[in-house]
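Quick look at structure07.cif (mmCIF, C-alpha atoms):
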```cif
data_input
#
loop_
_atom_site.label_atom_id
_atom_site.label_comp_id
_atom_site.auth_asym_id
_atom_site.auth_seq_id
_atom_site.Cartn_x
_atom_site.Cartn_y
_atom_site.Cartn_z
CA MET C 9 108.63 72.07 113.12
CA GLU C 10 108.38 73.05 116.77
CA ILE C 11 108.12 70.02 119.07
CA GLU C 12 107.26 70.86 122.64
CA VAL C 13 106.04 69.02 125.76
CA LYS C 14 104.47 70.93 128.64
CA PHE C 15 104.97 69.71 132.24
CA ARG C 16 103.38 70.90 135.48
CA VAL C 17 106.22 71.82 137.84
CA ASN C 18 107.13 73.77 140.94
CA PHE C 19 108.91 76.84 139.55
CA GLU C 20 111.69 77.15 142.14
CA GLU C 21 112.41 73.41 142.20
CA ALA C 22 112.54 73.16 138.43
CA LYS C 23 114.82 76.21 138.32
CA LYS C 24 117.31 74.57 140.70
CA LYS C 25 117.23 71.30 138.75
CA LEU C 26 117.78 73.05 135.42
CA GLU C 27 120.75 74.94 136.80
CA ALA C 28 122.17 71.77 138.41
CA LEU C 29 121.82 70.07 135.00
CA GLY C 30 124.03 72.79 133.49
CA ALA C 31 121.33 74.58 131.46
CA ARG C 32 122.26 78.17 130.62
CA LEU C 33 119.85 81.02 131.37
CA LEU C 34 119.37 82.91 128.07
CA ARG C 35 116.88 85.54 129.20
CA THR C 36 113.92 86.49 131.38
CA GLU C 37 110.67 87.49 129.69
CA GLU C 38 107.56 89.23 130.98
CA GLN C 39 105.07 88.11 128.35
CA GLU C 40 101.59 89.30 127.52
CA ASP C 41 99.93 87.05 124.94
CA LEU C 42 96.74 88.13 123.23
CA TYR C 43 95.05 85.25 121.39
CA PHE C 44 92.43 85.64 118.67
CA SER C 45 89.54 83.28 117.91
CA LEU C 46 90.35 80.96 115.02
CA PRO C 47 89.12 77.56 113.83
CA PRO C 48 90.26 74.62 116.03
CA ASN C 49 93.89 73.58 115.62
CA GLU C 50 95.04 77.08 114.72
CA LEU C 51 96.45 79.69 117.06
CA LEU C 52 97.05 83.38 116.37
CA ARG C 53 98.60 85.58 119.00
CA ILE C 54 100.33 88.90 119.52
CA ARG C 55 103.02 88.58 122.17
CA ARG C 56 104.40 91.62 123.91
CA ILE C 57 107.61 91.00 125.88
CA ARG C 58 107.44 93.97 128.21
CA ASN C 59 110.93 93.87 129.68
CA LEU C 60 112.59 93.51 126.26
CA GLY C 61 110.34 96.03 124.47
CA LYS C 62 109.57 93.54 121.72
CA THR C 63 106.35 92.38 120.03
CA TYR C 64 105.74 89.32 117.86
CA LEU C 65 102.86 88.11 115.72
CA THR C 66 102.69 84.31 115.63
CA HIS C 67 100.48 81.80 113.83
CA LYS C 68 100.61 78.11 114.74
CA LEU C 69 99.05 75.11 113.07
CA ILE C 70 98.61 72.33 115.62
CA VAL C 71 99.85 69.21 113.81
CA ASP C 72 98.70 66.76 116.54
CA PRO C 73 95.47 68.19 117.99
CA GLY C 74 94.60 67.00 121.51
CA ARG C 75 98.14 66.02 122.25
CA ASN C 76 99.38 69.53 121.32
CA GLU C 77 103.07 68.78 121.04
CA GLU C 78 103.76 69.51 117.37
CA PHE C 79 103.39 72.96 115.85
CA ASP C 80 104.02 74.42 112.42
CA GLU C 81 104.82 77.98 113.43
CA ILE C 82 105.29 81.26 111.53
CA GLU C 83 106.45 84.31 113.43
CA VAL C 84 107.33 87.92 112.66
CA GLU C 85 108.51 90.68 114.92
CA VAL C 86 106.26 93.74 114.68
CA SER C 87 106.87 97.32 115.75
CA GLY C 88 103.68 97.89 117.75
CA PHE C 89 101.32 95.75 119.84
CA GLU C 90 98.32 98.11 119.69
CA GLU C 91 98.70 98.79 115.96
CA MET C 92 98.87 95.07 115.20
CA ARG C 93 95.83 94.48 117.40
CA LYS C 94 93.86 97.15 115.54
CA ILE C 95 94.78 95.74 112.13
CA LEU C 96 93.63 92.24 113.15
CA ARG C 97 90.37 93.66 114.53
CA ARG C 98 89.80 95.50 111.24
CA LEU C 99 90.27 92.19 109.44
CA GLY C 100 87.37 90.83 111.48
CA LEU C 101 89.33 88.77 114.00
CA GLN C 102 87.89 88.48 117.51
CA GLU C 103 90.02 88.67 120.63
CA ASP C 104 89.84 85.49 122.67
CA VAL C 105 92.05 85.38 125.80
CA LEU C 106 94.96 87.31 127.30
CA ILE C 107 97.67 85.29 129.06
CA ARG C 108 100.44 86.77 131.20
CA LYS C 109 103.62 84.82 131.93
CA HIS C 110 106.84 85.34 133.79
CA ARG C 111 109.30 83.18 131.85
CA LEU C 112 112.89 82.06 132.25
CA VAL C 113 114.42 80.67 129.06
CA TYR C 114 117.21 78.11 129.47
CA ARG C 115 119.24 76.26 126.88
CA LEU C 116 121.23 73.03 126.96
CA GLY C 117 122.55 71.74 123.64
CA ASP C 118 119.68 72.03 121.16
CA VAL C 119 116.98 71.74 123.84
CA THR C 120 115.18 74.90 125.01
CA PHE C 121 113.53 75.03 128.45
CA GLU C 122 110.83 77.63 129.04
CA LEU C 123 110.04 77.84 132.74
CA ASN C 124 106.76 79.71 133.22
CA GLN C 125 104.70 81.27 135.98
CA VAL C 126 101.39 81.77 134.22
CA GLU C 127 99.08 84.28 135.89
CA GLY C 128 96.01 82.52 137.29
CA ILE C 129 96.95 79.12 135.84
CA GLY C 130 100.10 77.79 137.50
CA GLU C 131 103.73 76.86 136.90
CA PHE C 132 104.91 74.94 133.87
CA LEU C 133 108.05 73.85 132.09
CA ASP C 134 107.87 73.68 128.28
CA ILE C 135 110.69 71.57 126.87
CA GLU C 136 111.18 72.37 123.19
CA VAL C 137 113.22 71.20 120.22
CA ILE C 138 113.06 72.68 116.71
CA SER C 139 113.48 69.81 114.25
CA GLU C 140 112.22 68.27 111.05
CA ASP C 141 112.34 64.87 112.81
CA PRO C 142 109.58 64.82 115.48
CA LYS C 143 110.56 61.33 116.72
CA GLU C 144 114.14 62.31 117.39
CA ALA C 145 112.97 65.62 118.92
CA ARG C 146 110.66 63.75 121.34
CA GLU C 147 113.52 61.47 122.39
CA LYS C 148 115.68 64.49 123.20
CA ILE C 149 112.84 66.12 125.12
CA TRP C 150 112.15 62.99 127.18
CA GLU C 151 115.82 62.41 127.89
CA SER C 152 115.95 65.92 129.41
CA ALA C 153 112.63 65.46 131.21
CA ARG C 154 113.80 62.27 132.93
CA LYS C 155 116.97 64.01 134.10
CA LEU C 156 114.74 66.65 135.68
CA GLY C 157 112.67 63.98 137.44
CA LEU C 158 109.60 64.48 135.21
CA ASP C 159 107.42 61.68 133.83
CA GLU C 160 104.17 61.09 131.86
CA ASN C 161 102.09 61.99 134.95
CA ASP C 162 103.52 65.51 134.92
CA VAL C 163 102.50 66.21 131.31
CA GLU C 164 99.83 68.88 130.75
CA PRO C 165 98.39 68.27 127.26
CA ARG C 166 96.08 71.28 127.29
CA LEU C 167 97.08 74.56 125.63
CA TYR C 168 97.48 77.67 127.79
CA THR C 169 94.45 79.09 125.99
CA GLU C 170 92.40 76.02 126.97
CA LEU C 171 93.56 76.19 130.59
CA MET C 172 92.67 79.88 130.73
CA LYS C 173 89.22 79.33 129.25
CA GLU C 174 88.50 76.40 131.61
CA LYS C 175 89.49 78.64 134.53
CA ASN C 176 87.32 81.53 133.31
CA GLY C 177 84.71 78.95 132.32
CA MET F 5 94.19 111.03 109.08
CA GLU F 6 96.23 110.77 105.90
CA ILE F 7 95.09 113.25 103.23
CA GLU F 8 96.65 112.69 99.83
CA VAL F 9 96.04 113.81 96.25
CA LYS F 10 97.54 111.88 93.34
CA PHE F 11 98.60 113.72 90.16
CA ARG F 12 99.77 112.38 86.82
CA VAL F 13 103.16 113.95 86.10
CA ASN F 14 106.33 113.62 84.08
CA PHE F 15 108.84 112.25 86.60
CA GLU F 16 111.88 114.28 85.56
CA GLU F 17 109.96 117.53 85.18
CA ALA F 18 108.25 117.15 88.54
CA LYS F 19 111.61 116.34 90.15
CA LYS F 20 113.12 119.57 88.82
CA LYS F 21 110.13 121.62 89.96
CA LEU F 22 110.17 120.09 93.45
CA GLU F 23 113.85 120.87 93.82
CA ALA F 24 113.38 124.40 92.48
CA LEU F 25 110.59 124.84 95.07
CA GLY F 26 113.09 123.98 97.83
CA ALA F 27 111.66 120.58 98.76
CA ARG F 28 114.24 118.37 100.53
CA LEU F 29 114.88 114.81 99.30
CA LEU F 30 114.38 112.54 102.33
CA ARG F 31 115.02 109.16 100.72
CA THR F 32 114.72 106.94 97.67
CA GLU F 33 112.60 103.80 97.94
CA GLU F 34 112.33 100.70 95.74
CA GLN F 35 108.91 99.47 96.80
CA GLU F 36 107.13 96.19 96.25
CA ASP F 37 103.52 96.35 97.44
CA LEU F 38 101.49 93.18 97.75
CA TYR F 39 97.76 93.90 98.16
CA PHE F 40 95.20 91.44 99.49
CA SER F 41 91.53 91.20 98.52
CA LEU F 42 89.29 92.94 101.03
CA PRO F 43 85.80 94.46 100.97
CA PRO F 44 85.57 97.76 99.00
CA ASN F 45 86.99 100.80 100.75
CA GLU F 46 89.57 98.81 102.66
CA LEU F 47 93.17 98.19 101.65
CA LEU F 48 95.64 95.73 103.16
CA ARG F 49 99.17 95.56 101.88
CA ILE F 50 102.63 94.30 102.73
CA ARG F 51 105.26 96.73 101.48
CA ARG F 52 108.86 95.68 101.05
CA ILE F 53 111.31 98.56 100.59
CA ARG F 54 114.13 96.64 98.98
CA ASN F 55 116.89 99.23 99.15
CA LEU F 56 116.22 99.98 102.83
CA GLY F 57 115.67 96.36 103.90
CA LYS F 58 112.39 97.24 105.56
CA THR F 59 108.90 95.72 105.47
CA TYR F 60 105.59 97.22 106.59
CA LEU F 61 102.07 95.89 107.04
CA THR F 62 99.46 98.57 106.40
CA HIS F 63 95.67 98.68 106.61
CA LYS F 64 93.75 101.66 105.21
CA LEU F 65 90.11 102.58 105.50
CA ILE F 66 89.12 104.81 102.59
CA VAL F 67 87.11 107.60 104.16
CA ASP F 68 85.99 109.13 100.84
CA PRO F 69 85.51 106.23 98.40
CA GLY F 70 85.71 107.16 94.71
CA ARG F 71 87.60 110.32 95.43
CA ASN F 72 90.26 108.36 97.38
CA GLU F 73 91.98 111.25 99.09
CA GLU F 74 91.30 110.51 102.77
CA PHE F 75 92.66 107.46 104.54
CA ASP F 76 92.50 106.20 108.10
CA GLU F 77 95.73 104.25 108.18
CA ILE F 78 97.33 101.80 110.63
CA GLU F 79 100.87 100.62 109.97
CA VAL F 80 103.43 98.37 111.67
CA GLU F 81 106.93 97.50 110.63
CA VAL F 82 107.39 93.72 110.40
CA SER F 83 110.57 91.66 110.35
CA GLY F 84 109.80 89.52 107.30
CA PHE F 85 107.83 89.93 104.05
CA GLU F 86 107.42 86.20 103.29
CA GLU F 87 106.49 85.30 106.88
CA MET F 88 103.85 88.04 106.98
CA ARG F 89 102.51 86.90 103.61
CA LYS F 90 102.21 83.30 104.88
CA ILE F 91 100.40 84.36 108.05
CA LEU F 92 97.85 86.38 106.04
CA ARG F 93 97.32 83.46 103.66
CA ARG F 94 96.74 81.16 106.64
CA LEU F 95 94.11 83.61 107.87
CA GLY F 96 92.29 83.08 104.58
CA LEU F 97 93.27 86.32 102.84
CA GLN F 98 93.70 86.20 99.07
CA GLU F 99 96.49 87.99 97.25
CA ASP F 100 95.20 90.57 94.80
CA VAL F 101 97.88 92.63 92.97
CA LEU F 102 101.59 93.34 93.23
CA ILE F 103 102.75 96.89 92.50
CA ARG F 104 106.37 97.96 92.06
CA LYS F 105 107.43 101.58 92.45
CA HIS F 106 110.58 103.61 92.27
CA ARG F 107 109.86 106.48 94.69
CA LEU F 108 111.57 109.69 95.70
CA VAL F 109 110.25 111.16 98.93
CA TYR F 110 110.52 114.94 99.33
CA ARG F 111 109.47 117.17 102.19
CA LEU F 112 108.67 120.88 102.43
CA GLY F 113 107.24 122.11 105.73
CA ASP F 114 104.55 119.59 106.73
CA VAL F 115 103.83 118.54 103.15
CA THR F 116 105.25 115.24 101.85
CA PHE F 117 105.79 114.67 98.13
CA GLU F 118 106.02 111.10 96.87
CA LEU F 119 107.26 111.07 93.30
CA ASN F 120 106.63 107.64 91.77
CA GLN F 121 107.54 105.62 88.72
CA VAL F 122 105.03 102.80 88.93
CA GLU F 123 105.93 99.73 86.88
CA GLY F 124 103.47 99.29 84.02
CA ILE F 125 101.23 102.17 85.12
CA GLY F 126 103.05 105.50 84.79
CA GLU F 127 104.47 108.42 86.72
CA PHE F 128 102.67 110.10 89.58
CA LEU F 129 103.16 112.63 92.33
CA ASP F 130 101.29 111.98 95.58
CA ILE F 131 101.07 115.11 97.71
CA GLU F 132 100.32 114.21 101.31
CA VAL F 133 99.56 115.87 104.62
CA ILE F 134 98.91 114.07 107.92
CA SER F 135 96.24 116.05 109.77
CA GLU F 136 93.05 115.82 111.80
CA ASP F 137 91.71 118.72 109.70
CA PRO F 138 91.08 117.43 106.14
CA LYS F 139 89.98 120.85 104.89
CA GLU F 140 93.15 122.57 106.01
CA ALA F 141 95.21 119.63 104.72
CA ARG F 142 93.59 119.94 101.27
CA GLU F 143 94.36 123.67 101.18
CA LYS F 144 98.03 122.97 101.91
CA ILE F 145 98.12 120.24 99.26
CA TRP F 146 96.56 122.49 96.61
CA GLU F 147 98.80 125.41 97.47
CA SER F 148 101.80 123.16 96.77
CA ALA F 149 100.19 121.65 93.67
CA ARG F 150 99.60 125.08 92.11
CA LYS F 151 103.23 126.06 92.75
CA LEU F 152 104.22 122.92 90.82
CA GLY F 153 101.94 123.86 87.93
CA LEU F 154 99.39 121.13 88.64
CA ASP F 155 95.61 121.55 88.45
CA GLU F 156 92.35 119.53 88.68
CA ASN F 157 92.96 118.08 85.20
CA ASP F 158 96.13 116.38 86.44
CA VAL F 159 94.38 114.58 89.31
CA GLU F 160 94.21 110.76 89.11
CA PRO F 161 91.40 109.67 91.47
CA ARG F 162 91.92 105.94 90.96
CA LEU F 163 93.94 103.88 93.43
CA TYR F 164 97.14 102.20 92.22
CA THR F 165 95.39 98.86 92.77
CA GLU F 166 92.53 99.98 90.47
CA LEU F 167 94.94 101.24 87.81
CA MET F 168 96.84 97.95 87.93
CA LYS F 169 93.67 95.85 87.66
CA GLU F 170 92.36 97.95 84.74
CA LYS F 171 95.69 97.46 82.97
CA ASN F 172 95.65 93.72 83.60
CA GLY F 173 92.02 93.92 82.52
#
```
Mind turning this structure into structure tokens?
Amino acid sequence: MEIEVKFRVNFEEAKKKLEALGARLLRTEEQEDLYFSLPPNELLRIRRIRNLGKTYLTHKLIVDPGRNEEFDEIEVEVSGFEEMRKILRRLGLQEDVLIRKHRLVYRLGDVTFELNQVEGIGEFLDIEVISEDPKEAREKIWESARKLGLDENDVEPRLYTELMKEKNG
Amino acid sequence: MEIEVKFRVNFEEAKKKLEALGARLLRTEEQEDLYFSLPPNELLRIRRIRNLGKTYLTHKLIVDPGRNEEFDEIEVEVSGFEEMRKILRRLGLQEDVLIRKHRLVYRLGDVTFELNQVEGIGEFLDIEVISEDPKEAREKIWESARKLGLDENDVEPRLYTELMKEKNG
């Protein structure tokens, strides 16, 4: 299970704090996420990571709708963004929203930090732990969050797709 | 466009004739094709090529239903068979049939020869040309077929999925 909490942050400040905390920069990603319309509590996206030349197809079941912190995720790497897009269209899936992010991925222990500039939406830090024990995962996430000076008021419970649709609204 | 004619053959005889004709063996494939239920004239399959450690997702529109020689195909390589299978199931697709083939792939000029032992169904030679000109492609296919001693009586117009379902009856 993927457990993840999204915080609103200032990108440069959060970057400094992560580095001061000793988190290690794993990689930079220029992401282009194309989401398809699905029933509520399901997400399907094709992600192109432009700078790495990689594309992924990902399906997520949202285990805790509304809160949006627990995801049952399946992902495959695919060889072509446009080909995958055409196959999904042929299967009758409708394109929903396109989200572009500049992302820095940091790691400290078993906690992953995804620091994002999301085009047209703002700056966010996703703190993530992969675990079969959501309670323990949340404790680890919140321990890191507190060290970065983040609290409940900084949490953004809406999905990026929801934020984008409210903006386009 | 993929233009392809399927012939019933004796595997060993056809192999000898292809080699005598000067066709070059490109590779051997141990294929496992999982097809999903779709409306008529569409095919969706995940192909695992066991000996090469590769997996492909392929969608085909059958341009000439019944005859089944002309396909508008989109294909991507994917990193995992089981993950792709789970994503398609989550999207509501139903598994239809599983087809296993031992295949030799030969090439001569721009004609591809796929010599197949299909588990439970028989031995076949698919002669294929990729072209935007189906007429010209068919001429090339039939020129090769005649050189291999094949004629209209050897043609098998049914899809492998149809043959498998008739067998399972």
Output of the PyMOL selection byres ((chain C) within 8 of (chain F)), listed as an mmCIF file with C-alpha atoms, in the frame of the given file:
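The resulting expr_3.cif:
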```cif
data_model
loop_
_atom_site.group_PDB
_atom_site.id
_atom_site.type_symbol
_atom_site.label_atom_id
_atom_site.label_comp_id
_atom_site.auth_asym_id
_atom_site.auth_seq_id
_atom_site.Cartn_x
_atom_site.Cartn_y
_atom_site.Cartn_z
ATOM 1 C CA THR C 66 102.690 84.310 115.630
ATOM 2 C CA HIS C 67 100.480 81.800 113.830
ATOM 3 C CA ILE C 82 105.290 81.260 111.530
ATOM 4 C CA GLU C 83 106.450 84.310 113.430
ATOM 5 C CA VAL C 84 107.330 87.920 112.660
ATOM 6 C CA GLU C 85 108.510 90.680 114.920
ATOM 7 C CA VAL C 86 106.260 93.740 114.680
ATOM 8 C CA SER C 87 106.870 97.320 115.750
ATOM 9 C CA GLY C 88 103.680 97.890 117.750
ATOM 10 C CA GLU C 91 98.700 98.790 115.960
ATOM 11 C CA MET C 92 98.870 95.070 115.200
ATOM 12 C CA LYS C 94 93.860 97.150 115.540
ATOM 13 C CA ILE C 95 94.780 95.740 112.130
#
```
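Interatomic distance, CA of Arg54 (chain F) to CA of Arg107 (chain F): 11.6 Å.
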Give the superposed chain F as an mmCIF file with C-alpha atoms, keeping the file's coordinate frame, the fit being least squares on chain C over all ordered C-alpha pairs.
```
data_model
loop_
_atom_site.group_PDB
_atom_site.id
_atom_site.type_symbol
_atom_site.label_atom_id
_atom_site.label_comp_id
_atom_site.auth_asym_id
_atom_site.auth_seq_id
_atom_site.Cartn_x
_atom_site.Cartn_y
_atom_site.Cartn_z
ATOM 1 C CA MET F 5 108.634 72.101 113.122
ATOM 2 C CA GLU F 6 108.370 73.070 116.774
ATOM 3 C CA ILE F 7 108.108 70.033 119.073
ATOM 4 C CA GLU F 8 107.253 70.876 122.660
ATOM 5 C CA VAL F 9 106.049 69.035 125.759
ATOM 6 C CA LYS F 10 104.481 70.939 128.650
ATOM 7 C CA PHE F 11 104.964 69.715 132.240
ATOM 8 C CA ARG F 12 103.385 70.894 135.471
ATOM 9 C CA VAL F 13 106.217 71.803 137.843
ATOM 10 C CA ASN F 14 107.117 73.756 140.944
ATOM 11 C CA PHE F 15 108.892 76.832 139.561
ATOM 12 C CA GLU F 16 111.664 77.119 142.145
ATOM 13 C CA GLU F 17 112.403 73.398 142.213
ATOM 14 C CA ALA F 18 112.537 73.149 138.434
ATOM 15 C CA LYS F 19 114.814 76.204 138.321
ATOM 16 C CA LYS F 20 117.280 74.559 140.708
ATOM 17 C CA LYS F 21 117.226 71.296 138.761
ATOM 18 C CA LEU F 22 117.768 73.056 135.424
ATOM 19 C CA GLU F 23 120.741 74.927 136.821
ATOM 20 C CA ALA F 24 122.155 71.773 138.413
ATOM 21 C CA LEU F 25 121.810 70.083 134.991
ATOM 22 C CA GLY F 26 124.014 72.816 133.480
ATOM 23 C CA ALA F 27 121.315 74.571 131.452
ATOM 24 C CA ARG F 28 122.266 78.187 130.618
ATOM 25 C CA LEU F 29 119.828 81.031 131.369
ATOM 26 C CA LEU F 30 119.353 82.911 128.080
ATOM 27 C CA ARG F 31 116.868 85.556 129.198
ATOM 28 C CA THR F 32 113.923 86.485 131.385
ATOM 29 C CA GLU F 33 110.675 87.486 129.689
ATOM 30 C CA GLU F 34 107.546 89.232 130.985
ATOM 31 C CA GLN F 35 105.062 88.109 128.357
ATOM 32 C CA GLU F 36 101.583 89.294 127.509
ATOM 33 C CA ASP F 37 99.938 87.039 124.924
ATOM 34 C CA LEU F 38 96.744 88.128 123.226
ATOM 35 C CA TYR F 39 95.050 85.246 121.376
ATOM 36 C CA PHE F 40 92.425 85.640 118.668
ATOM 37 C CA SER F 41 89.549 83.272 117.900
ATOM 38 C CA LEU F 42 90.357 80.960 115.011
ATOM 39 C CA PRO F 43 89.128 77.560 113.818
ATOM 40 C CA PRO F 44 90.271 74.624 116.032
ATOM 41 C CA ASN F 45 93.888 73.591 115.621
ATOM 42 C CA GLU F 46 95.042 77.067 114.701
ATOM 43 C CA LEU F 47 96.461 79.688 117.044
ATOM 44 C CA LEU F 48 97.068 83.373 116.349
ATOM 45 C CA ARG F 49 98.617 85.568 118.978
ATOM 46 C CA ILE F 50 100.338 88.892 119.503
ATOM 47 C CA ARG F 51 103.021 88.580 122.165
ATOM 48 C CA ARG F 52 104.412 91.618 123.919
ATOM 49 C CA ILE F 53 107.616 90.991 125.882
ATOM 50 C CA ARG F 54 107.443 93.967 128.194
ATOM 51 C CA ASN F 55 110.926 93.865 129.682
ATOM 52 C CA LEU F 56 112.583 93.506 126.265
ATOM 53 C CA GLY F 57 110.354 96.019 124.455
ATOM 54 C CA LYS F 58 109.586 93.525 121.721
ATOM 55 C CA THR F 59 106.373 92.374 120.031
ATOM 56 C CA TYR F 60 105.754 89.308 117.868
ATOM 57 C CA LEU F 61 102.880 88.090 115.720
ATOM 58 C CA THR F 62 102.704 84.300 115.621
ATOM 59 C CA HIS F 63 100.490 81.797 113.817
ATOM 60 C CA LYS F 64 100.612 78.101 114.741
ATOM 61 C CA LEU F 65 99.052 75.109 113.071
ATOM 62 C CA ILE F 66 98.618 72.313 115.604
ATOM 63 C CA VAL F 67 99.845 69.210 113.827
ATOM 64 C CA ASP F 68 98.699 66.779 116.547
ATOM 65 C CA PRO F 69 95.464 68.200 117.999
ATOM 66 C CA GLY F 70 94.597 67.006 121.512
ATOM 67 C CA ARG F 71 98.141 66.011 122.237
ATOM 68 C CA ASN F 72 99.382 69.524 121.321
ATOM 69 C CA GLU F 73 103.072 68.789 121.049
ATOM 70 C CA GLU F 74 103.757 69.529 117.370
ATOM 71 C CA PHE F 75 103.398 72.978 115.864
ATOM 72 C CA ASP F 76 104.020 74.420 112.426
ATOM 73 C CA GLU F 77 104.816 77.974 113.414
ATOM 74 C CA ILE F 78 105.290 81.250 111.514
ATOM 75 C CA GLU F 79 106.460 84.307 113.424
ATOM 76 C CA VAL F 80 107.341 87.927 112.637
ATOM 77 C CA GLU F 81 108.522 90.663 114.919
ATOM 78 C CA VAL F 82 106.262 93.725 114.669
ATOM 79 C CA SER F 83 106.899 97.306 115.732
ATOM 80 C CA GLY F 84 103.711 97.871 117.730
ATOM 81 C CA PHE F 85 101.336 95.731 119.827
ATOM 82 C CA GLU F 86 98.333 98.101 119.679
ATOM 83 C CA GLU F 87 98.719 98.783 115.944
ATOM 84 C CA MET F 88 98.882 95.056 115.188
ATOM 85 C CA ARG F 89 95.847 94.454 117.395
ATOM 86 C CA LYS F 90 93.874 97.148 115.520
ATOM 87 C CA ILE F 91 94.797 95.733 112.115
ATOM 88 C CA LEU F 92 93.638 92.236 113.141
ATOM 89 C CA ARG F 93 90.385 93.649 114.516
ATOM 90 C CA ARG F 94 89.819 95.491 111.230
ATOM 91 C CA LEU F 95 90.289 92.180 109.428
ATOM 92 C CA GLY F 96 87.383 90.828 111.463
ATOM 93 C CA LEU F 97 89.345 88.762 113.985
ATOM 94 C CA GLN F 98 87.907 88.482 117.488
ATOM 95 C CA GLU F 99 90.030 88.650 120.613
ATOM 96 C CA ASP F 100 89.834 85.479 122.670
ATOM 97 C CA VAL F 101 92.058 85.374 125.803
ATOM 98 C CA LEU F 102 94.957 87.297 127.298
ATOM 99 C CA ILE F 103 97.669 85.291 129.057
ATOM 100 C CA ARG F 104 100.442 86.769 131.195
ATOM 101 C CA LYS F 105 103.622 84.838 131.933
ATOM 102 C CA HIS F 106 106.835 85.343 133.803
ATOM 103 C CA ARG F 107 109.289 83.163 131.845
ATOM 104 C CA LEU F 108 112.878 82.064 132.243
ATOM 105 C CA VAL F 109 114.400 80.673 129.067
ATOM 106 C CA TYR F 110 117.192 78.113 129.482
ATOM 107 C CA ARG F 111 119.215 76.270 126.881
ATOM 108 C CA LEU F 112 121.222 73.040 126.963
ATOM 109 C CA GLY F 113 122.549 71.768 123.637
ATOM 110 C CA ASP F 114 119.661 72.065 121.155
ATOM 111 C CA VAL F 115 116.982 71.762 123.832
ATOM 112 C CA THR F 116 115.171 74.907 125.026
ATOM 113 C CA PHE F 117 113.532 75.041 128.454
ATOM 114 C CA GLU F 118 110.818 77.621 129.053
ATOM 115 C CA LEU F 119 110.033 77.834 132.744
ATOM 116 C CA ASN F 120 106.754 79.707 133.234
ATOM 117 C CA GLN F 121 104.697 81.271 135.979
ATOM 118 C CA VAL F 122 101.386 81.772 134.222
ATOM 119 C CA GLU F 123 99.074 84.281 135.896
ATOM 120 C CA GLY F 124 96.011 82.521 137.289
ATOM 121 C CA ILE F 125 96.948 79.121 135.845
ATOM 122 C CA GLY F 126 100.105 77.774 137.498
ATOM 123 C CA GLU F 127 103.722 76.861 136.906
ATOM 124 C CA PHE F 128 104.919 74.939 133.887
ATOM 125 C CA LEU F 129 108.054 73.852 132.101
ATOM 126 C CA ASP F 130 107.865 73.681 128.304
ATOM 127 C CA ILE F 131 110.677 71.582 126.863
ATOM 128 C CA GLU F 132 111.179 72.382 123.197
ATOM 129 C CA VAL F 133 113.209 71.227 120.225
ATOM 130 C CA ILE F 134 113.062 72.707 116.713
ATOM 131 C CA SER F 135 113.471 69.825 114.263
ATOM 132 C CA GLU F 136 112.199 68.277 111.048
ATOM 133 C CA ASP F 137 112.331 64.896 112.829
ATOM 134 C CA PRO F 138 109.561 64.833 115.486
ATOM 135 C CA LYS F 139 110.547 61.368 116.707
ATOM 136 C CA GLU F 140 114.134 62.340 117.382
ATOM 137 C CA ALA F 141 112.962 65.635 118.906
ATOM 138 C CA ARG F 142 110.656 63.762 121.314
ATOM 139 C CA GLU F 143 113.517 61.479 122.370
ATOM 140 C CA LYS F 144 115.680 64.503 123.188
ATOM 141 C CA ILE F 145 112.822 66.131 125.102
ATOM 142 C CA TRP F 146 112.157 62.995 127.162
ATOM 143 C CA GLU F 147 115.825 62.429 127.872
ATOM 144 C CA SER F 148 115.945 65.923 129.400
ATOM 145 C CA ALA F 149 112.617 65.467 131.188
ATOM 146 C CA ARG F 150 113.796 62.272 132.906
ATOM 147 C CA LYS F 151 116.984 64.008 134.076
ATOM 148 C CA LEU F 152 114.735 66.648 135.671
ATOM 149 C CA GLY F 153 112.666 63.976 137.406
ATOM 150 C CA LEU F 154 109.604 64.470 135.205
ATOM 151 C CA ASP F 155 107.424 61.675 133.813
ATOM 152 C CA GLU F 156 104.171 61.099 131.853
ATOM 153 C CA ASN F 157 102.109 61.972 134.947
ATOM 154 C CA ASP F 158 103.531 65.501 134.925
ATOM 155 C CA VAL F 159 102.508 66.195 131.318
ATOM 156 C CA GLU F 160 99.839 68.884 130.762
ATOM 157 C CA PRO F 161 98.391 68.276 127.271
ATOM 158 C CA ARG F 162 96.079 71.292 127.304
ATOM 159 C CA LEU F 163 97.078 74.554 125.635
ATOM 160 C CA TYR F 164 97.472 77.667 127.798
ATOM 161 C CA THR F 165 94.448 79.105 125.979
ATOM 162 C CA GLU F 166 92.387 76.024 126.973
ATOM 163 C CA LEU F 167 93.565 76.195 130.586
ATOM 164 C CA MET F 168 92.675 79.888 130.733
ATOM 165 C CA LYS F 169 89.210 79.344 129.240
ATOM 166 C CA GLU F 170 88.488 76.436 131.622
ATOM 167 C CA LYS F 171 89.493 78.654 134.542
ATOM 168 C CA ASN F 172 87.316 81.510 133.322
ATOM 169 C CA GLY F 173 84.703 78.823 132.745
#
```
Need the shell around region 71-77 of chain C: protein/DNA/RNA residues with any atom at most 6 Å away, counting all atoms listed in the file. Skip same-chain ones fewer than 3 positions apart. Format as a count of residues only?
4
Pairwise distance, CA of Glu156 (chain F) with CA of Glu132 (chain F), equals 15.9 Å
Nearest to Trp150 (chain C), restricted to only C-alpha atoms and choosing among C:Ile138, C:Leu171, C:Val119, C:Phe44, comes out as C:Val119
| query | Can you list, as a PyMOL selection string, every protein, DNA or RNA residue that comes within 12 Å of Gly130 (chain C) when you count only C-alpha atoms, leaving out same-chain residues fewer than 5 positions away? | reply | chain C and resi 15-19+107-110+123-125+164+168+171-172+175
**Picked residues, the PyMOL selection byres ((chain F and resi 118) around 9), as an NGL selection string** = :F and (107-111 or 116-117 or 119-120 or 128-132)
